[in-house]
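final_38.cif follows (mmCIF, C-alpha atoms):
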```cif
data_structure
#
loop_
_atom_site.label_atom_id
_atom_site.label_comp_id
_atom_site.auth_asym_id
_atom_site.auth_seq_id
_atom_site.Cartn_x
_atom_site.Cartn_y
_atom_site.Cartn_z
CA MET A 1 -130.71 -16.83 4.15
CA SER A 2 -128.56 -13.79 3.37
CA ALA A 3 -130.62 -12.91 0.28
CA SER A 4 -133.82 -12.69 2.29
CA ALA A 5 -132.04 -10.81 5.09
CA ILE A 6 -130.91 -8.15 2.63
CA ILE A 7 -134.32 -7.75 1.01
CA VAL A 8 -136.10 -7.35 4.33
CA PHE A 9 -133.35 -5.04 5.61
CA ARG A 10 -133.72 -2.77 2.57
CA GLU A 11 -137.47 -2.46 3.08
CA VAL A 12 -137.30 -2.06 6.85
CA LEU A 13 -134.52 0.52 6.59
CA GLU A 14 -136.66 2.97 4.63
CA ALA A 15 -139.52 2.90 7.11
CA ALA A 16 -137.17 2.80 10.10
CA LEU A 17 -135.15 5.82 8.98
CA ILE A 18 -138.32 7.86 8.50
CA ILE A 19 -139.61 6.83 11.94
CA SER A 20 -136.36 7.72 13.71
CA ILE A 21 -136.17 11.12 11.99
CA VAL A 22 -139.78 11.96 12.84
CA ALA A 23 -139.19 10.75 16.42
CA ALA A 24 -136.09 12.92 16.84
CA ALA A 25 -137.91 15.89 15.31
CA SER A 26 -140.77 15.45 17.77
CA LYS A 27 -138.59 15.19 20.84
CA GLY A 28 -139.99 17.37 23.57
CA ILE A 29 -143.58 17.22 22.44
CA LEU A 30 -145.68 15.75 25.20
CA GLY A 31 -146.70 12.17 24.46
CA TYR A 32 -144.88 11.93 21.12
CA ARG A 33 -143.65 8.39 21.76
CA ARG A 34 -147.17 7.12 22.21
CA TYR A 35 -148.27 8.67 18.94
CA ILE A 36 -145.27 7.20 17.11
CA SER A 37 -145.93 3.73 18.53
CA LEU A 38 -149.54 4.11 17.52
CA GLY A 39 -148.39 4.94 13.97
CA VAL A 40 -146.12 1.88 13.84
CA GLY A 41 -148.95 -0.34 15.11
CA ALA A 42 -151.51 1.07 12.69
CA GLY A 43 -149.01 0.80 9.84
CA LEU A 44 -148.30 -2.87 10.61
CA VAL A 45 -152.00 -3.74 10.76
CA GLY A 46 -152.53 -1.84 7.49
CA ALA A 47 -149.55 -3.59 5.87
CA VAL A 48 -150.97 -7.03 6.64
CA ILE A 49 -154.36 -5.96 5.29
CA VAL A 50 -152.84 -4.52 2.10
CA ALA A 51 -150.71 -7.64 1.62
CA SER A 52 -153.65 -9.99 2.02
CA PHE A 53 -155.72 -8.03 -0.51
CA ALA A 54 -152.77 -7.63 -2.90
CA SER A 55 -154.54 -9.34 -5.80
CA GLY A 56 -157.68 -7.28 -5.40
CA ILE A 57 -155.71 -4.04 -5.14
CA SER A 58 -153.64 -4.94 -8.20
CA SER A 59 -156.65 -5.49 -10.41
CA ALA A 60 -158.52 -2.40 -9.16
CA PHE A 61 -158.61 0.74 -11.34
CA SER A 62 -158.00 -1.26 -14.54
CA GLY A 63 -154.89 -2.87 -13.13
CA MET A 64 -153.40 0.34 -11.74
CA GLY A 65 -154.67 0.04 -8.15
CA GLN A 66 -151.25 -0.71 -6.72
CA GLU A 67 -149.70 2.36 -8.35
CA LEU A 68 -152.52 4.65 -7.19
CA LEU A 69 -152.35 3.27 -3.64
CA ASN A 70 -148.58 3.78 -3.49
CA ALA A 71 -148.83 7.30 -4.88
CA GLY A 72 -151.60 8.08 -2.39
CA ILE A 73 -149.55 6.75 0.53
CA LEU A 74 -146.54 8.79 -0.54
CA PHE A 75 -148.50 12.02 -1.02
CA SER A 76 -150.18 11.65 2.40
CA ALA A 77 -146.76 11.16 3.97
CA VAL A 78 -145.52 14.30 2.21
CA LEU A 79 -148.50 16.27 3.49
CA MET A 80 -147.98 15.12 7.09
CA LEU A 81 -144.24 15.81 7.01
CA ALA A 82 -144.91 19.27 5.58
CA TRP A 83 -147.40 20.02 8.33
CA HIS A 84 -144.97 18.80 10.98
CA ASN A 85 -142.17 20.96 9.60
CA VAL A 86 -144.27 24.10 9.36
CA TRP A 87 -145.46 23.64 12.93
CA MET A 88 -141.89 23.10 14.09
CA ALA A 89 -140.77 26.26 12.29
CA LYS A 90 -143.12 28.15 14.55
CA HIS A 91 -142.43 26.34 17.80
CA ALA A 92 -138.87 25.02 17.58
CA ARG A 93 -137.38 27.91 19.56
CA GLU A 94 -139.86 27.59 22.38
CA LEU A 95 -139.49 23.82 22.36
CA SER A 96 -135.70 23.80 22.52
CA ALA A 97 -135.67 26.55 25.16
CA ARG A 98 -137.95 24.55 27.40
CA LEU A 99 -136.06 21.35 26.72
CA SER A 100 -132.64 22.74 27.59
CA ALA A 101 -133.79 24.91 30.49
CA LEU A 102 -136.16 22.65 32.28
CA GLY A 103 -136.02 19.29 30.54
CA ASN A 104 -139.74 19.86 30.24
CA LYS A 105 -141.95 18.57 27.56
CA VAL A 106 -144.47 20.90 26.02
CA SER A 107 -147.93 20.18 24.84
CA SER A 108 -148.27 20.31 21.09
CA GLY A 109 -150.94 23.01 21.10
CA GLU A 110 -152.50 23.26 17.69
CA LEU A 111 -150.42 20.52 16.07
CA PRO A 112 -152.69 17.51 16.00
CA LEU A 113 -150.41 14.66 17.03
CA TYR A 114 -152.06 12.33 14.57
CA VAL A 115 -149.90 14.12 12.01
CA ILE A 116 -146.98 12.19 13.52
CA THR A 117 -149.04 9.02 13.72
CA ILE A 118 -150.12 9.19 10.08
CA ALA A 119 -146.64 10.04 8.79
CA VAL A 120 -145.19 7.02 10.61
CA ALA A 121 -148.10 4.75 9.66
CA MET A 122 -147.70 5.60 5.96
CA ALA A 123 -143.98 4.73 6.04
CA VAL A 124 -144.67 1.41 7.79
CA LEU A 125 -147.64 0.62 5.54
CA ARG A 126 -145.73 1.02 2.29
CA GLU A 127 -142.64 -0.95 3.23
CA GLY A 128 -144.42 -3.35 5.58
CA SER A 129 -146.84 -4.63 2.97
CA GLU A 130 -143.90 -5.54 0.73
CA VAL A 131 -142.15 -7.35 3.58
CA ALA A 132 -145.39 -9.17 4.47
CA LEU A 133 -145.83 -10.32 0.85
CA PHE A 134 -142.22 -11.39 0.61
CA LEU A 135 -142.35 -13.37 3.86
CA TYR A 136 -145.64 -14.93 2.76
CA GLY A 137 -143.87 -16.01 -0.43
CA ILE A 138 -141.14 -17.64 1.62
CA ALA A 139 -143.61 -19.42 3.84
CA ALA A 140 -145.51 -20.69 0.78
CA ALA A 141 -142.33 -21.97 -0.85
CA GLY A 142 -141.82 -24.75 1.69
CA SER A 143 -138.43 -26.55 1.81
CA ALA A 144 -135.85 -23.82 2.39
CA ALA A 145 -138.48 -21.66 4.06
CA LEU A 146 -137.26 -21.77 7.64
CA ASP A 147 -133.74 -20.74 6.75
CA MET A 148 -135.01 -17.81 4.70
CA LEU A 149 -137.49 -16.85 7.40
CA TRP A 150 -134.58 -16.52 9.83
CA GLY A 151 -132.88 -14.35 7.24
CA GLY A 152 -135.95 -12.17 7.12
CA LEU A 153 -135.97 -11.77 10.88
CA LEU A 154 -132.27 -10.95 10.81
CA GLY A 155 -132.96 -8.23 8.23
CA LEU A 156 -135.79 -6.88 10.36
CA ALA A 157 -133.57 -6.75 13.45
CA ALA A 158 -130.74 -5.08 11.53
CA GLY A 159 -133.10 -2.41 10.16
CA ILE A 160 -134.39 -1.64 13.65
CA ILE A 161 -130.85 -1.44 15.08
CA VAL A 162 -129.67 0.98 12.37
CA SER A 163 -132.66 3.24 12.91
CA LEU A 164 -132.14 3.20 16.70
CA LEU A 165 -128.53 4.23 16.11
CA LEU A 166 -129.69 7.07 13.86
CA TYR A 167 -132.25 8.15 16.44
CA ARG A 168 -129.60 8.12 19.20
CA GLY A 169 -127.26 10.05 16.94
CA LEU A 170 -129.88 12.66 16.11
CA ILE A 171 -131.02 13.29 19.68
CA ALA A 172 -127.37 13.62 20.75
CA ILE A 173 -127.27 16.81 18.65
CA PRO A 174 -127.31 19.79 21.05
CA THR A 175 -130.89 20.89 21.57
CA LYS A 176 -130.41 24.34 20.03
CA TRP A 177 -129.46 22.77 16.69
CA LEU A 178 -131.51 19.57 16.82
CA PHE A 179 -134.70 20.96 15.34
CA SER A 180 -133.00 22.81 12.50
CA VAL A 181 -131.16 19.62 11.55
CA THR A 182 -134.32 17.50 11.66
CA SER A 183 -136.27 20.18 9.75
CA TRP A 184 -133.75 20.11 6.93
CA VAL A 185 -133.77 16.32 6.84
CA ILE A 186 -137.58 16.16 6.80
CA LEU A 187 -137.75 18.85 4.11
CA LEU A 188 -135.51 16.85 1.75
CA LEU A 189 -137.16 13.58 2.74
CA ALA A 190 -140.62 14.92 1.87
CA ALA A 191 -139.39 16.29 -1.47
CA GLY A 192 -137.88 12.90 -2.29
CA LEU A 193 -141.11 11.06 -1.44
CA ALA A 194 -143.05 13.39 -3.75
CA ALA A 195 -140.56 12.68 -6.55
CA SER A 196 -141.00 8.93 -5.99
CA ALA A 197 -144.77 9.35 -6.14
CA THR A 198 -144.51 10.73 -9.69
CA GLY A 199 -142.87 7.44 -10.67
CA TYR A 200 -146.03 5.57 -9.64
CA LEU A 201 -148.21 8.13 -11.42
CA ALA A 202 -146.15 7.63 -14.58
CA GLN A 203 -146.47 3.87 -14.19
CA ALA A 204 -150.26 4.29 -13.91
CA GLY A 205 -150.30 6.49 -17.03
CA ILE A 206 -151.54 9.61 -15.20
CA VAL A 207 -148.26 11.41 -15.76
CA PRO A 208 -146.67 10.77 -19.18
CA SER A 209 -143.71 8.40 -19.28
CA GLN A 210 -140.63 10.53 -19.74
CA ALA A 211 -137.01 9.88 -20.53
CA PRO A 212 -134.71 10.71 -17.61
CA LEU A 213 -133.06 14.14 -17.60
CA TRP A 214 -129.68 12.70 -16.75
CA ASN A 215 -128.10 9.45 -15.62
CA THR A 216 -125.64 9.35 -12.74
CA SER A 217 -125.93 5.62 -12.11
CA ASP A 218 -122.30 5.02 -13.11
CA TRP A 219 -121.27 7.54 -10.52
CA LEU A 220 -123.68 6.49 -7.76
CA SER A 221 -126.13 3.66 -8.34
CA GLU A 222 -129.43 3.64 -6.49
CA GLN A 223 -128.83 -0.06 -5.94
CA SER A 224 -125.68 0.58 -3.89
CA TRP A 225 -126.08 0.98 -0.13
CA PHE A 226 -124.94 4.58 -0.14
CA GLY A 227 -127.16 5.36 -3.12
CA GLN A 228 -130.12 3.77 -1.41
CA ILE A 229 -129.63 5.65 1.84
CA LEU A 230 -129.30 8.92 -0.09
CA HIS A 231 -132.45 7.96 -1.99
CA ILE A 232 -134.37 7.62 1.29
CA LEU A 233 -132.92 10.66 3.05
CA ILE A 234 -132.69 13.27 0.29
CA GLY A 235 -134.60 11.60 -2.56
CA TYR A 236 -131.53 10.86 -4.68
CA GLN A 237 -132.48 9.37 -8.06
CA ALA A 238 -129.85 8.34 -10.58
CA ARG A 239 -132.27 8.86 -13.48
CA PRO A 240 -134.77 11.56 -12.56
CA THR A 241 -137.57 12.33 -15.00
CA PRO A 242 -138.70 15.93 -15.55
CA ALA A 243 -141.88 15.16 -13.56
CA ALA A 244 -139.85 13.84 -10.62
CA LEU A 245 -137.62 16.91 -10.61
CA VAL A 246 -140.59 19.28 -10.80
CA ALA A 247 -142.36 17.49 -7.91
CA TYR A 248 -139.15 17.54 -5.87
CA LEU A 249 -138.57 21.27 -6.34
CA LEU A 250 -142.24 22.15 -5.93
CA VAL A 251 -142.51 20.39 -2.57
CA LEU A 252 -139.13 21.70 -1.43
CA ILE A 253 -139.97 25.31 -2.27
CA THR A 254 -143.53 25.14 -0.95
CA ILE A 255 -142.58 23.71 2.46
CA ALA A 256 -139.54 25.98 2.79
CA SER A 257 -141.62 29.08 1.96
CA LEU A 258 -144.32 28.11 4.44
CA MET A 259 -141.65 27.59 7.11
CA VAL A 260 -140.11 30.99 6.45
CA TRP A 261 -143.52 32.66 6.37
CA VAL A 262 -144.63 31.06 9.65
CA LYS A 263 -141.35 31.89 11.35
CA ARG A 264 -141.60 35.56 10.25
CA SER A 265 -145.17 35.97 11.36
CA ASN A 266 -144.16 34.47 14.69
CA THR A 267 -141.14 36.69 15.41
CA PRO A 268 -142.88 39.96 16.45
CA ASN A 269 -145.01 37.99 18.82
CA SER A 270 -142.07 36.46 20.65
CA LYS A 271 -140.34 39.87 20.86
CA GLU A 272 -143.41 41.25 22.52
CA LEU A 273 -143.25 38.53 25.09
CA THR A 274 -139.59 39.05 25.97
CA ALA A 275 -139.90 42.86 26.09
CA MET B 1 -151.57 18.01 -15.02
CA PHE B 2 -154.69 19.36 -16.69
CA SER B 3 -153.46 18.60 -20.15
CA SER B 4 -152.75 14.99 -19.15
CA LEU B 5 -156.19 14.76 -17.59
CA PHE B 6 -157.65 16.16 -20.78
CA SER B 7 -155.72 13.72 -22.92
CA ARG B 8 -156.93 10.88 -20.71
CA VAL B 9 -160.52 11.98 -21.12
CA ARG B 10 -159.94 12.29 -24.83
CA PHE B 11 -158.40 8.82 -24.87
CA VAL B 12 -161.38 7.31 -23.09
CA LEU B 13 -163.79 8.97 -25.53
CA PHE B 14 -161.72 7.85 -28.43
CA ALA B 15 -161.57 4.31 -27.11
CA ALA B 16 -165.32 4.27 -26.53
CA LEU B 17 -165.98 5.47 -30.06
CA ALA B 18 -163.77 2.82 -31.53
CA VAL B 19 -164.60 -0.22 -29.43
CA SER B 20 -164.85 -2.46 -32.45
CA ALA B 21 -161.58 -1.29 -33.94
CA SER B 22 -158.67 -2.61 -31.94
CA SER B 23 -156.57 -0.02 -33.71
CA ALA B 24 -157.93 2.41 -31.13
CA PHE B 25 -155.11 1.15 -28.94
CA ALA B 26 -152.53 1.76 -31.62
CA GLY B 27 -149.14 1.83 -30.01
CA ASP B 28 -150.24 -0.30 -27.08
CA ASP B 29 -148.81 -3.54 -28.41
CA VAL B 30 -149.06 -6.38 -25.89
CA TYR B 31 -146.05 -8.47 -24.93
CA GLU B 32 -146.43 -11.44 -22.66
CA LEU B 33 -143.94 -12.15 -19.91
CA ILE B 34 -144.25 -15.32 -17.87
CA ILE B 35 -142.83 -15.80 -14.39
CA LYS B 36 -142.32 -19.47 -13.59
CA ASP B 37 -139.94 -21.09 -11.12
CA HIS B 38 -138.71 -17.57 -10.28
CA LYS B 39 -137.52 -16.99 -13.86
CA PHE B 40 -138.76 -14.70 -16.59
CA SER B 41 -139.61 -16.10 -19.99
CA PRO B 42 -138.79 -14.84 -22.46
CA ALA B 43 -135.77 -13.41 -20.68
CA THR B 44 -135.34 -10.87 -23.47
CA ILE B 45 -138.20 -8.96 -25.04
CA THR B 46 -137.53 -6.90 -28.15
CA ILE B 47 -139.75 -3.87 -28.66
CA PRO B 48 -139.68 -1.02 -31.20
CA ALA B 49 -138.16 2.32 -30.24
CA ASP B 50 -140.32 5.35 -29.40
CA THR B 51 -143.41 3.21 -28.89
CA LYS B 52 -145.53 2.66 -25.82
CA VAL B 53 -146.09 -1.04 -25.23
CA LYS B 54 -148.02 -3.09 -22.73
CA LEU B 55 -146.35 -5.88 -20.80
CA LEU B 56 -148.76 -8.52 -19.61
CA VAL B 57 -146.87 -10.21 -16.79
CA LYS B 58 -148.28 -13.56 -15.76
CA ASN B 59 -146.96 -14.92 -12.49
CA GLN B 60 -147.46 -18.68 -12.60
CA ASP B 61 -145.63 -19.26 -9.32
CA VAL B 62 -147.62 -19.44 -6.11
CA THR B 63 -145.33 -16.85 -4.55
CA PRO B 64 -145.50 -13.11 -5.23
CA GLU B 65 -142.81 -11.39 -7.27
CA GLU B 66 -141.83 -7.78 -7.66
CA PHE B 67 -141.04 -6.69 -11.21
CA GLU B 68 -138.43 -3.99 -10.78
CA SER B 69 -136.26 -1.98 -13.12
CA TYR B 70 -134.23 1.10 -12.34
CA GLU B 71 -133.64 1.68 -16.06
CA LEU B 72 -137.33 1.50 -16.91
CA ASN B 73 -138.36 3.28 -13.70
CA ARG B 74 -140.90 0.56 -12.94
CA GLU B 75 -141.74 -1.28 -9.73
CA LYS B 76 -144.75 -3.54 -9.40
CA ILE B 77 -145.72 -6.47 -7.24
CA ILE B 78 -147.43 -9.35 -9.00
CA PRO B 79 -149.15 -11.64 -6.49
CA GLY B 80 -148.83 -15.41 -6.93
CA ASN B 81 -150.99 -17.02 -9.64
CA SER B 82 -152.12 -13.72 -11.07
CA GLN B 83 -151.26 -11.26 -13.78
CA ALA B 84 -150.51 -7.58 -14.03
CA ILE B 85 -150.17 -4.92 -16.70
CA ILE B 86 -147.09 -2.74 -16.93
CA PHE B 87 -146.86 -0.03 -19.56
CA ILE B 88 -143.39 0.85 -20.76
CA GLY B 89 -142.04 3.35 -23.20
CA PRO B 90 -141.80 5.26 -25.42
CA LEU B 91 -138.09 4.44 -25.10
CA SER B 92 -135.01 5.19 -27.14
CA ALA B 93 -132.94 2.31 -28.50
CA GLY B 94 -130.89 0.39 -25.96
CA GLU B 95 -130.94 -2.29 -23.30
CA TYR B 96 -133.14 -1.99 -20.23
CA PRO B 97 -132.58 -4.74 -17.66
CA PHE B 98 -135.26 -5.75 -15.16
CA PHE B 99 -135.36 -8.24 -12.31
CA GLY B 100 -137.62 -9.88 -9.79
CA GLU B 101 -136.76 -8.30 -6.48
CA PHE B 102 -137.95 -11.24 -4.42
CA ASN B 103 -135.82 -13.74 -6.35
CA GLN B 104 -133.03 -11.67 -7.76
CA ALA B 105 -130.65 -14.61 -8.10
CA THR B 106 -132.72 -16.25 -10.85
CA ALA B 107 -135.31 -13.70 -11.98
CA GLN B 108 -133.40 -11.58 -14.51
CA GLY B 109 -134.45 -10.24 -17.87
CA LYS B 110 -134.13 -7.31 -20.21
CA ILE B 111 -136.06 -5.22 -22.68
CA LEU B 112 -134.20 -4.70 -25.94
CA VAL B 113 -135.35 -1.56 -27.74
CA LYS B 114 -134.56 -1.38 -31.44
#
```

Conversion result in structure tokens:
Amino acid sequence: MSASAIIVFREVLEAALIISIVAAASKGILGYRRYISLGVGAGLVGAVIVASFASGISSAFSGMGQELLNAGILFSAVLMLAWHNVWMAKHARELSARLSALGNKVSSGELPLYVITIAVAMAVLREGSEVALFLYGIAAAGSAALDMLWGGLLGLAAGIIVSLLLYRGLIAIPTKWLFSVTSWVILLLAAGLAASATGYLAQAGIVPSQAPLWNTSDWLSEQSWFGQILHILIGYQARPTPAALVAYLLVLITIASLMVWVKRSNTPNSKELTA
Amino acid sequence: MFSSLFSRVRFVLFAALAVSASSAFAGDDVYELIIKDHKFSPATITIPADTKVKLLVKNQDVTPEEFESYELNREKIIPGNSQAIIFIGPLSAGEYPFFGEFNQATAQGKILVK
């Protein structure tokens, strides 16, 4: 029972952490909860579909379908998180001012809210399809199935509780700092997802297989709980390849530059308004 | 990116030109790995150093398994009663453990690079 609880917890945790960070970062945008729920729902439906076509997906693209799908999911998530962050760079001040002054929510203006929905759906899709396959395996195994199924549910519940705690913790941050904290977290999160995507591309043979640049697994293993949480939140890898490092830095620098650029081009405008 | 795309195109052309000669896939030696009763067999596979090889993983259980290795930087789900291809290497000499994430208690193995 405990083995299955831990496996499901690990998978759920990754999706759940991403959802709670995106939710906290979207606080104050009108209707954001609905769009997040929609993302979770769509992701779950997608996960079941992906799991039930697992064999077909595996054999697609000369046996590399799974890798290409995973890389595609990760890159779409990176794109959505980048978009969210750049939009927030422009509107965070206005959003936090309204939130602390009036407790008002603001409409998202030109940020299409499906950005939030897709980011959440991608996180749920990737981890959810693994959980669905794993639980299917348990169900197919018979005998000890019920006990392990309870373990799975326990893991699911634990993952949801941890992410709720993180969400509560994040939104307890004073409003004037909340959005800079969530922006930093999302920036590192997106860079980490891009680095992970290169792993799938290497596995598919699109990016050459490379020896890792360094190995810090003796110091902090990715299999440890702390290592795993750092892997999700900031993209920690004990053995990064050159391709992973390049993708990480490229995404980090690109999003950060766009945020700075958008913030700068926005500043004269807001001065005009206050003058 | 472009150079890898180019080398892929070149590889495909090369492979097409040399369909009859299996030596077109020189370096892609195939090693079979069976999953049965949530165990890998053989549990140790020895491969040459600095060579790209192809693992043909056959899952003979009805349940899916995830081949995972932090050392090899590989992670792939193999559905029940099906097979999958995993390319590994070129690697330097050493031991590279792998495991089945869905049955970690029994599904353990390693690649020995010599």

Practice prompt. Tell me, as a list of chain:residue names, which residues lie within 9 Å of B:Glu32, counting only C-alpha atoms; anything in the same chain fewer than 6 positions away does not count.
Written response: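 Counting only the stated atoms, we get B:Ser41, B:Pro42, B:Ile45, B:Lys54, B:Leu55, B:Leu56, B:Val57, B:Lys58.
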
Discussion item. Show me, as a PyMOL selection string, the residues that have an atom within 10 Å of A:Met64 when counting only C-alpha atoms, minus same-chain residues fewer than 2 positions from it.
Written reply: (chain A and resi 57-62+66-69+200-201+203-205) or (chain B and resi 76+84-86)

Discussion item. Selection in question (the file shown): the PyMOL selection byres ((chain A) within 9 of (chain B)). Which residues does it include, as number ranges by chain?
Written reply: A: 3-4, 7, 54-55, 58-59, 62-64, 66-67, 130, 133-134, 136-141, 199-200, 202-211, 222-223, 238-239

Store the residues picked out above, limited to C-alpha atoms, as a tab-separated table (two decimals), in the coordinates of the input.
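The new file again_39.tsv reads:
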```tsv
chain	number	residue	atom	x	y	z
A	3	ALA	CA	-130.62	-12.91	0.28
A	4	SER	CA	-133.82	-12.69	2.29
A	7	ILE	CA	-134.32	-7.75	1.01
A	54	ALA	CA	-152.77	-7.63	-2.90
A	55	SER	CA	-154.54	-9.34	-5.80
A	58	SER	CA	-153.64	-4.94	-8.20
A	59	SER	CA	-156.65	-5.49	-10.41
A	62	SER	CA	-158.00	-1.26	-14.54
A	63	GLY	CA	-154.89	-2.87	-13.13
A	64	MET	CA	-153.40	0.34	-11.74
A	66	GLN	CA	-151.25	-0.71	-6.72
A	67	GLU	CA	-149.70	2.36	-8.35
A	130	GLU	CA	-143.90	-5.54	0.73
A	133	LEU	CA	-145.83	-10.32	0.85
A	134	PHE	CA	-142.22	-11.39	0.61
A	136	TYR	CA	-145.64	-14.93	2.76
A	137	GLY	CA	-143.87	-16.01	-0.43
A	138	ILE	CA	-141.14	-17.64	1.62
A	139	ALA	CA	-143.61	-19.42	3.84
A	140	ALA	CA	-145.51	-20.69	0.78
A	141	ALA	CA	-142.33	-21.97	-0.85
A	199	GLY	CA	-142.87	7.44	-10.67
A	200	TYR	CA	-146.03	5.57	-9.64
A	202	ALA	CA	-146.15	7.63	-14.58
A	203	GLN	CA	-146.47	3.87	-14.19
A	204	ALA	CA	-150.26	4.29	-13.91
A	205	GLY	CA	-150.30	6.49	-17.03
A	206	ILE	CA	-151.54	9.61	-15.20
A	207	VAL	CA	-148.26	11.41	-15.76
A	208	PRO	CA	-146.67	10.77	-19.18
A	209	SER	CA	-143.71	8.40	-19.28
A	210	GLN	CA	-140.63	10.53	-19.74
A	211	ALA	CA	-137.01	9.88	-20.53
A	222	GLU	CA	-129.43	3.64	-6.49
A	223	GLN	CA	-128.83	-0.06	-5.94
A	238	ALA	CA	-129.85	8.34	-10.58
A	239	ARG	CA	-132.27	8.86	-13.48
```

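Taking atom CA of A:Thr254 and atom CA of A:Lys27 as the two end points, the separation is 24.5 Å.
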
Worksheet entry | Computed interatomic separation between atom CA of B:Thr44 and atom CA of B:Lys110 (Å) | 5.0 Å

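Atom pair atom CA of B:Ile111 / atom CA of B:Ile34: separated by 13.9 Å.
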